[in-house]
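*Asks:* Supplied in structure tokens, the structure appears directly below.
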Amino acid sequence: MVEKKLLSGDEAIALGAYEAGVACGFGYPGTPSTEILEAFATFKDVYAEWSINEKVALENATGVSLAGSRSIVTMKHVGLNVALDAFMTLAYTGINGGLVVASADDPGMHSSQNEQDNRYLGKFANVPVIEPSDSSEARTFTKQAFEISERFDLPVLLRITTRTAHSGSIVEFDLSNKPVKPKKKMDIPWDKYVMMPLNAKKRRVVLVKKQEELRAFAEITELNHEDAGETDIGFITSGVSYQYVREAFPGKAVFKLGLLNPLPLKRIDSFVSRVKKVYVVEEVEPYIEDYLNAAGIKVEGKSKIPLIDELNPDIVRSGILGTKQSNTLEAVKTPGRPPQLCPDCGHRGVFKVLNELKLTVAGDIGCYTLGALPPFSAMHTCIDMGSSINHAYGIIKAGEPSDKVVAVIGDSTFMHSGITGIANAVYNNGSMLTIILDNRTTAMTGRQPHAAAGDTLQGAPGHNVDIEALLHALGVMDVAVVDPFDGKNLKSLVEEYLKKQGVRVIIARRPCALMVKHG
Amino acid sequence: MKATNILIVGVGGQGIVAASDIIADMALTKGLDVKKSEIHGMSQRGGVVSSFVRYGEKIYSSIPFRDEIDFILSFEEMESIRAAEYINNDTIVIVNTQRIKPATLHSITEGYPDAKTSIKHDRLYLIDAIGEAKKTGNEKVVNSLMIGALSYFLHFDEADFMVSLQKRVKKMPDENRTAYNKGKELVKNYVL
Ligand SMILES: Cc1ncc(C[n+]2csc(CCOP(=O)(O)OP(=O)(O)O)c2C)c(N)n1
């Protein structure tokens, strides 16, 4: 039976992966990618898990692939930085069962710490990069991504952005004739997968050779297509920018890229030769523009289209035409409505104390980053997940007094990448206080369970890591647990712990207020 | 057929996303092309939430041109003022006059702007949706009431609404139906 549904891009990727016979999905939450795995986990006969971080997720998926099954890995754009070590060399070894990394960029930084453009990471790793422009393509391109992965023996990067991930559009599909994808035989020849120089040098040659095959493929694949139209001006574009171009310049010739690495230079050259003036319309960096100009195909883009923030039909139209059209009321200055810690959030108790004690606070990423804002104003750094502990450690190593500095980190972030910082500090005779803000969940991204709290993604009881025992095992001498709403005790405990020597940790534990309310 | 463009705004926790899902689904059921786009990154933390719903024969961008918004459905009074830059001469603006204090104000009375005086526009429908919803016995049906108010101007009827609603919400069908019709009535009898 053909079904017709309004799906988000994330849901459509999950559907495509399911239809492609993907056996296992791994990921770590991160807006706007989170819903891919949440949707995938609901299908019958698939395995899906929240892995402890993105690197672990990709390596788990690699194991699945080697064993002969298809796997998908999901993460936000910065997640790929964490997984990049695994990703780069996986391009050398290749895969057995198809492997697709779905990573979501966030132009406009709606909920991210940077605006990085992961198309470069795909090109950097020499792997195919595929980008859909709506939910329907998100589904079909995901299925094709698995075919391409197996055909070229490479992992594939499926790049989406916030607008494709979180916009809803119509998807037609039919699950009644979903093909079964039996597991292939496990196949792990040592000279393909043991990347010691002896083998890696040979695999590097293979990888370079594959680029030639990929370039030939780019010229024929239907992932790229040309919308015929008037040729006084024309556009080269991809992803959601394609929709904006079609909206702003109906009837003009458009070359739409679905495969972003490598680019089909011959087809584009032919397009450019038939169109009087060609503009590249793309969000964030001039990836396509620089790629084409370096290949000797002269195009213009970022001289008209901003480098910063998301695009939309207005920005595309006014950028290209150089005119602004405004038939609307003028904006009225309205009091801001910044996001806030919930009224009954346990993090509040901790930041109140940190504010009162006027400490230097090395912070981290999560709901608790809002502790940087008034009325608390009690956080001074937040750069990348897991960094708080190491920032505090470095600040103290530089000579700042250790009773004036504290690291704060959420429980999910601690499990993701905080543990190594503690181990490093213990080993190197560090002296510093860390407060783990343990709300028993990954609240920021919608309350996902994690290694130290809650069931598994598919609802099996999780065998949770015991954070206190873990800290003791790492060699942390002073570990205390406190309820952040017990203000008096919390404050005196922090004061006491600030004066101690060595690596010490306070766990401020209170379940997330939203979890209490909604489960 | 020209596309219909709707902007729904409000505050995290008000059910903006759910409301836009229902409106989009009503259009889908009518066989139209539909796209919707929402930004809800920090919405759980009481930030601003907004969502576009567009439908018609063929929709490309999920975000419309700023001066082509046909309807603004605002779930909170001040948020309608923030959306003023989307109001063109013909835009119909429906506002739930519920006021939710933003953290930047000390109280709900001091400095909270008034929609009626701040928005210089004729087609402004200020309705006490939350108050009316409470009268039906459960203020949670306020979403249905707002969708009803919007539907007065659209080609959707009660049956379309109930089908789309019940794909998502099974509870309180009668209360939601009543609220939907109340919303329609409030706009119908509204004196501009
Ligand atoms: C490498 C990376 N992966 C994922 C994210 C998205 N993300 C931001 S904070 C966070 C975890 C928040 O959980 P926790 O540390 O428990 O703090 P809480 O929000 O619960 O207070 C996640 C997954 C990110 N910013 N960077």
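Chain lettering (A, B, ...) mirrors the order of the structure tokens, residue numbering begins at 1 for each chain separately, and ligand numbering begins at 1 in order of display.
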Any idea what's packed within 10 Å of Glu38 in chain B, counting only C-alpha atoms, ignoring anything in its chain fewer than 3 positions away? Could you give it as a PyMOL selection string?
*Replies:* (chain A and resi 162-163+166-168) or (chain B and resi 7-9+16-17+20+41+49-53+62-63)
*Asks:* Pull N, CA, C and O atoms from the residues just selected and write them as a compact mmCIF listing (two decimals), in the first residue's frame.
*Replies:*
```
# COMPACT_ATOMS: atom_id res chain seq x y z
N THR A 162 19.79 22.12 9.20
CA THR A 162 18.63 22.24 10.09
C THR A 162 17.32 22.31 9.32
O THR A 162 16.34 21.67 9.69
N ARG A 163 17.29 23.08 8.24
CA ARG A 163 16.02 23.24 7.51
C ARG A 163 15.57 21.97 6.82
O ARG A 163 14.36 21.73 6.71
N HIS A 166 14.52 19.52 9.93
CA HIS A 166 13.34 19.86 10.73
C HIS A 166 12.16 20.37 9.91
O HIS A 166 11.12 20.70 10.48
N SER A 167 12.29 20.48 8.59
CA SER A 167 11.13 20.87 7.80
C SER A 167 10.34 19.61 7.46
O SER A 167 10.91 18.54 7.30
N GLY A 168 9.04 19.79 7.34
CA GLY A 168 8.19 18.67 6.95
C GLY A 168 7.77 18.82 5.50
O GLY A 168 7.41 19.92 5.07
N LEU B 7 2.03 31.71 9.28
CA LEU B 7 3.10 31.78 10.27
C LEU B 7 2.48 31.60 11.65
O LEU B 7 1.54 32.31 12.01
N ILE B 8 2.99 30.63 12.38
CA ILE B 8 2.47 30.37 13.73
C ILE B 8 3.58 30.71 14.72
O ILE B 8 4.71 30.23 14.56
N VAL B 9 3.27 31.54 15.70
CA VAL B 9 4.30 31.95 16.65
C VAL B 9 3.81 31.79 18.08
O VAL B 9 2.60 31.75 18.34
N ILE B 16 3.07 24.91 19.71
CA ILE B 16 3.15 25.49 18.36
C ILE B 16 3.41 24.41 17.31
O ILE B 16 2.80 24.39 16.25
N VAL B 17 4.34 23.51 17.64
CA VAL B 17 4.71 22.47 16.68
C VAL B 17 3.52 21.55 16.43
O VAL B 17 3.19 21.21 15.29
N SER B 20 0.97 23.29 14.23
CA SER B 20 1.34 23.36 12.82
C SER B 20 1.26 21.99 12.15
O SER B 20 0.95 21.89 10.97
N GLY B 41 14.87 24.88 18.49
CA GLY B 41 16.09 24.44 19.15
C GLY B 41 16.06 24.55 20.66
O GLY B 41 16.28 23.58 21.37
N VAL B 49 9.17 30.31 19.72
CA VAL B 49 9.01 29.24 18.74
C VAL B 49 8.22 29.77 17.56
O VAL B 49 7.24 30.51 17.75
N SER B 50 8.64 29.44 16.36
CA SER B 50 7.85 29.85 15.21
C SER B 50 7.84 28.75 14.18
O SER B 50 8.76 27.93 14.12
N SER B 51 6.79 28.72 13.41
CA SER B 51 6.63 27.66 12.42
C SER B 51 5.90 28.21 11.21
O SER B 51 4.93 28.96 11.35
N PHE B 52 6.39 27.87 10.03
CA PHE B 52 5.69 28.22 8.80
C PHE B 52 4.97 26.98 8.28
O PHE B 52 5.53 25.88 8.29
N VAL B 53 3.74 27.18 7.82
CA VAL B 53 3.06 26.13 7.08
C VAL B 53 2.68 26.73 5.73
O VAL B 53 2.11 27.82 5.68
N SER B 62 10.11 25.81 2.10
CA SER B 62 9.26 25.73 3.29
C SER B 62 9.15 27.09 3.98
O SER B 62 8.29 27.29 4.82
N ILE B 63 10.05 28.00 3.62
CA ILE B 63 9.98 29.37 4.15
C ILE B 63 9.44 30.27 3.03
O ILE B 63 10.02 30.30 1.96
```
*Asks:* Around ligand 1, at most 6 Å away and counting only C-alpha atoms and all ligand atoms, which residues are there? Put them as a VMD selection string, please.
*Replies:* chain A and resid 29 to 30 78 to 79 82 365 to 368 385 410 to 413 439 441 to 445
*Asks:* From range 38-124 of chain A, collect each residue whose DSSP state is alpha helix (DSSP H) and return the set as a PyMOL selection string.
*Replies:* chain A and resi 38-40+54-67+77-93+119-124
*Asks:* Using CA of Asp105 in chain A and CA of Ser135 in chain A as the two end points, give the distance in Å to one decimal.
*Replies:* 15.8 Å
*Asks:* Can you tell me how far CA of Tyr28 in chain A sits from CA of Ala57 in chain A, in Å to one decimal?
*Replies:* 7.2 Å
*Asks:* How close does chain A get to chain B? List, as JSON lines, each residue of chain A within 7 Å, its nearest atom pair and the distance in Å to one decimal, counting only C-alpha atoms.
*Replies:*
```
{"residue": "A:His110", "atom": "CA", "partner": "B:Gly41", "partner_atom": "CA", "distance": 6.0}
{"residue": "A:Ser111", "atom": "CA", "partner": "B:Gly41", "partner_atom": "CA", "distance": 5.3}
{"residue": "A:Arg163", "atom": "CA", "partner": "B:Ser37", "partner_atom": "CA", "distance": 6.9}
{"residue": "A:His166", "atom": "CA", "partner": "B:Ser37", "partner_atom": "CA", "distance": 6.5}
{"residue": "A:Ser167", "atom": "CA", "partner": "B:Ser37", "partner_atom": "CA", "distance": 4.2}
{"residue": "A:Gly168", "atom": "CA", "partner": "B:Lys36", "partner_atom": "CA", "distance": 4.9}
{"residue": "A:Ser169", "atom": "CA", "partner": "B:Lys35", "partner_atom": "CA", "distance": 4.6}
{"residue": "A:Ile170", "atom": "CA", "partner": "B:Val34", "partner_atom": "CA", "distance": 6.7}
{"residue": "A:Gln243", "atom": "CA", "partner": "B:Ser61", "partner_atom": "CA", "distance": 4.7}
{"residue": "A:Tyr244", "atom": "CA", "partner": "B:Ser61", "partner_atom": "CA", "distance": 5.4}
{"residue": "A:Arg246", "atom": "CA", "partner": "B:Tyr60", "partner_atom": "CA", "distance": 6.6}
{"residue": "A:Glu247", "atom": "CA", "partner": "B:Tyr60", "partner_atom": "CA", "distance": 6.1}
{"residue": "A:Asn312", "atom": "CA", "partner": "B:Ile63", "partner_atom": "CA", "distance": 6.6}
{"residue": "A:Pro313", "atom": "CA", "partner": "B:Phe65", "partner_atom": "CA", "distance": 5.8}
{"residue": "A:Asp314", "atom": "CA", "partner": "B:Phe65", "partner_atom": "CA", "distance": 5.6}
{"residue": "A:Ser326", "atom": "CA", "partner": "B:Asp67", "partner_atom": "CA", "distance": 6.6}
{"residue": "A:Asn327", "atom": "CA", "partner": "B:Asp67", "partner_atom": "CA", "distance": 5.8}
{"residue": "A:Thr328", "atom": "CA", "partner": "B:Asn88", "partner_atom": "CA", "distance": 4.3}
{"residue": "A:Leu329", "atom": "CA", "partner": "B:Glu85", "partner_atom": "CA", "distance": 5.1}
{"residue": "A:Glu330", "atom": "CA", "partner": "B:Glu85", "partner_atom": "CA", "distance": 5.3}
{"residue": "A:Ala331", "atom": "CA", "partner": "B:Glu85", "partner_atom": "CA", "distance": 4.6}
{"residue": "A:Val332", "atom": "CA", "partner": "B:Arg82", "partner_atom": "CA", "distance": 6.4}
{"residue": "A:Thr334", "atom": "CA", "partner": "B:Arg82", "partner_atom": "CA", "distance": 5.9}
{"residue": "A:Pro335", "atom": "CA", "partner": "B:Thr104", "partner_atom": "CA", "distance": 6.6}
{"residue": "A:Gly336", "atom": "CA", "partner": "B:Thr104", "partner_atom": "CA", "distance": 6.2}
{"residue": "A:Arg337", "atom": "CA", "partner": "B:Pro102", "partner_atom": "CA", "distance": 5.1}
{"residue": "A:Pro338", "atom": "CA", "partner": "B:Gly47", "partner_atom": "CA", "distance": 5.5}
{"residue": "A:Pro339", "atom": "CA", "partner": "B:Gly47", "partner_atom": "CA", "distance": 4.3}
{"residue": "A:Gln340", "atom": "CA", "partner": "B:Arg45", "partner_atom": "CA", "distance": 5.0}
{"residue": "A:Leu341", "atom": "CA", "partner": "B:Arg45", "partner_atom": "CA", "distance": 6.0}
{"residue": "A:Cys342", "atom": "CA", "partner": "B:Arg45", "partner_atom": "CA", "distance": 6.2}
```
*Asks:* How would the residues just chosen look if you wrote them out with N, CA and C atoms as a compact mmCIF listing (two decimals), in the first residue's frame?
*Replies:*
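The result, stored in out17.txt:
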```txt
# COMPACT_ATOMS: atom_id res chain seq x y z
N HIS A 110 21.19 27.70 15.19
CA HIS A 110 19.99 27.72 16.02
C HIS A 110 20.25 27.04 17.36
N SER A 111 21.06 25.99 17.34
CA SER A 111 21.34 25.30 18.60
C SER A 111 22.71 24.63 18.51
N ARG A 163 17.29 23.08 8.24
CA ARG A 163 16.02 23.24 7.51
C ARG A 163 15.57 21.97 6.82
N HIS A 166 14.52 19.52 9.93
CA HIS A 166 13.34 19.86 10.73
C HIS A 166 12.16 20.37 9.91
N SER A 167 12.29 20.48 8.59
CA SER A 167 11.13 20.87 7.80
C SER A 167 10.34 19.61 7.46
N GLY A 168 9.04 19.79 7.34
CA GLY A 168 8.19 18.67 6.95
C GLY A 168 7.77 18.82 5.50
N SER A 169 7.86 17.73 4.74
CA SER A 169 7.28 17.75 3.40
C SER A 169 6.81 16.34 3.07
N ILE A 170 6.12 16.24 1.95
CA ILE A 170 5.39 14.99 1.67
C ILE A 170 6.33 13.90 1.17
N GLN A 243 15.60 24.96 -3.06
CA GLN A 243 14.19 25.35 -2.91
C GLN A 243 14.05 26.87 -2.92
N TYR A 244 15.00 27.54 -2.29
CA TYR A 244 14.94 29.01 -2.24
C TYR A 244 15.14 29.60 -3.64
N ARG A 246 14.40 28.11 -6.50
CA ARG A 246 13.20 27.86 -7.31
C ARG A 246 12.07 28.83 -6.92
N GLU A 247 12.04 29.20 -5.66
CA GLU A 247 11.03 30.13 -5.17
C GLU A 247 11.31 31.55 -5.67
N ASN A 312 17.24 32.30 2.92
CA ASN A 312 15.81 32.11 2.73
C ASN A 312 15.47 32.75 1.39
N PRO A 313 14.25 32.62 0.91
CA PRO A 313 13.95 33.16 -0.42
C PRO A 313 14.22 34.66 -0.53
N ASP A 314 13.94 35.43 0.53
CA ASP A 314 14.19 36.87 0.48
C ASP A 314 15.67 37.17 0.30
N SER A 326 10.18 45.36 0.35
CA SER A 326 9.55 45.25 1.65
C SER A 326 8.21 45.94 1.68
N ASN A 327 7.17 45.14 1.65
CA ASN A 327 5.82 45.67 1.73
C ASN A 327 5.17 45.28 3.04
N THR A 328 5.99 45.21 4.07
CA THR A 328 5.43 44.79 5.35
C THR A 328 5.67 45.87 6.39
N LEU A 329 5.01 45.71 7.52
CA LEU A 329 5.20 46.65 8.62
C LEU A 329 6.67 46.61 9.06
N GLU A 330 7.09 47.71 9.61
CA GLU A 330 8.45 47.71 10.15
C GLU A 330 8.50 46.88 11.42
N ALA A 331 9.66 46.30 11.65
CA ALA A 331 9.83 45.51 12.87
C ALA A 331 9.61 46.42 14.08
N VAL A 332 8.94 45.87 15.10
CA VAL A 332 8.69 46.63 16.32
C VAL A 332 9.59 46.05 17.41
N THR A 334 10.66 44.57 20.56
CA THR A 334 9.88 43.78 21.52
C THR A 334 10.84 43.20 22.55
N PRO A 335 10.44 43.19 23.82
CA PRO A 335 11.34 42.62 24.84
C PRO A 335 11.79 41.21 24.45
N GLY A 336 13.06 40.93 24.68
CA GLY A 336 13.61 39.63 24.29
C GLY A 336 13.01 38.51 25.12
N ARG A 337 13.11 37.31 24.58
CA ARG A 337 12.61 36.15 25.31
C ARG A 337 13.69 35.07 25.25
N PRO A 338 14.79 35.31 25.98
CA PRO A 338 15.88 34.34 25.93
C PRO A 338 15.46 33.03 26.59
N PRO A 339 16.00 31.91 26.11
CA PRO A 339 15.70 30.65 26.78
C PRO A 339 16.22 30.68 28.21
N GLN A 340 15.58 29.94 29.07
CA GLN A 340 15.87 29.97 30.50
C GLN A 340 15.99 28.56 31.04
N LEU A 341 16.73 28.41 32.12
CA LEU A 341 16.64 27.16 32.87
C LEU A 341 15.22 27.07 33.41
N CYS A 342 14.64 25.89 33.39
CA CYS A 342 13.27 25.73 33.91
C CYS A 342 13.21 26.21 35.36
```
*Asks:* State, in Å with one decimal place, the distance from CA of Glu49 in chain A to CA of Val169 in chain B.
*Replies:*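 Rounded to one decimal, the two atoms are 28.1 Å apart.
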*Asks:* Using backbone DSSP assignments, extract all strand (DSSP E or B) residues from range 327-413 of chain A; output them as a PyMOL selection string.
*Replies:* chain A and resi 360-362+381+405-410
*Asks:* Convert the current residue selection to file output with C-alpha atoms, as a PDB file, in the first residue's frame.
*Replies:*
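Full text of again-v8.pdb as output:
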```
ATOM      1  CA  THR A 360      36.113  31.223  37.520  1.00  0.00           C
ATOM      2  CA  VAL A 361      33.867  28.607  35.954  1.00  0.00           C
ATOM      3  CA  ALA A 362      35.072  26.461  33.071  1.00  0.00           C
ATOM      4  CA  THR A 381      33.978  28.984  28.894  1.00  0.00           C
ATOM      5  CA  VAL A 405      38.418  27.753  39.729  1.00  0.00           C
ATOM      6  CA  VAL A 406      35.813  25.093  39.066  1.00  0.00           C
ATOM      7  CA  ALA A 407      34.778  22.943  36.103  1.00  0.00           C
ATOM      8  CA  VAL A 408      31.080  22.170  35.580  1.00  0.00           C
ATOM      9  CA  ILE A 409      29.920  19.427  33.255  1.00  0.00           C
ATOM     10  CA  GLY A 410      26.618  17.633  32.635  1.00  0.00           C
TER      11      GLY A 410
END
```
*Asks:* Quick one: residues within 6 Å of range 135-150 of chain B, only C-alpha atoms counted, chain neighbours fewer than 2 positions away excluded, as a ChimeraX atom specification?
*Replies:* /B:130,132-133,152-153,176,179-181,183-184,187
*Asks:* Which residue gives the smallest distance to Leu80 in chain A among A:Ala392, A:Val101, A:Val127, A:Leu6, with only C-alpha atoms counted?
*Replies:* A:Val101
*Asks:* Please provide as a list of chain:residue names all residues within 6 Å of Ala253 in chain A, with the sequence filter that same-chain residues fewer than 6 positions apart are discarded (counting only C-alpha atoms).
*Replies:* A:Asp227, A:Ala228, A:Gly229, A:Glu230, A:Thr231, A:Gly234
*Asks:* Write the residues of the selection above to a file with N, CA, C and O atoms, as an mmCIF file, in the first residue's frame.
*Replies:*
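Output below, filename again_11.cif:
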```cif
data_model
loop_
_atom_site.group_PDB
_atom_site.id
_atom_site.type_symbol
_atom_site.label_atom_id
_atom_site.label_comp_id
_atom_site.auth_asym_id
_atom_site.auth_seq_id
_atom_site.Cartn_x
_atom_site.Cartn_y
_atom_site.Cartn_z
ATOM 1 N N ASP A 227 17.474 21.508 -14.149
ATOM 2 C CA ASP A 227 16.125 21.982 -14.453
ATOM 3 C C ASP A 227 16.258 22.939 -15.628
ATOM 4 O O ASP A 227 16.855 24.011 -15.479
ATOM 5 N N ALA A 228 15.720 22.550 -16.783
ATOM 6 C CA ALA A 228 15.817 23.430 -17.950
ATOM 7 C C ALA A 228 15.050 24.715 -17.668
ATOM 8 O O ALA A 228 14.109 24.733 -16.878
ATOM 9 N N GLY A 229 15.453 25.799 -18.306
ATOM 10 C CA GLY A 229 14.753 27.058 -18.096
ATOM 11 C C GLY A 229 15.435 28.177 -18.851
ATOM 12 O O GLY A 229 16.350 27.935 -19.654
ATOM 13 N N GLU A 230 14.983 29.383 -18.587
ATOM 14 C CA GLU A 230 15.578 30.548 -19.241
ATOM 15 C C GLU A 230 17.044 30.658 -18.846
ATOM 16 O O GLU A 230 17.414 30.341 -17.718
ATOM 17 N N THR A 231 17.863 31.149 -19.767
ATOM 18 C CA THR A 231 19.309 31.099 -19.543
ATOM 19 C C THR A 231 19.964 32.485 -19.467
ATOM 20 O O THR A 231 21.172 32.603 -19.600
ATOM 21 N N GLY A 234 21.313 31.844 -14.480
ATOM 22 C CA GLY A 234 21.070 30.466 -14.047
ATOM 23 C C GLY A 234 21.800 30.218 -12.749
ATOM 24 O O GLY A 234 22.600 31.061 -12.301
#
```
*Asks:* Using only C-alpha atoms, which of A:Val503, A:Ala453, A:Gly487, A:Leu259 sits nearest Gly421 in chain A?
*Replies:* A:Val503
*Asks:* Can you work out which one of A:Leu257, A:Ala451, A:Leu514, A:Met88 has the shortest atom-to-atom distance to Thr221 in chain A, counting only C-alpha atoms?
*Replies:*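 Of A:Leu257, A:Ala451, A:Leu514, A:Met88, the one nearest Thr221 in chain A is A:Leu257, counting only C-alpha atoms.
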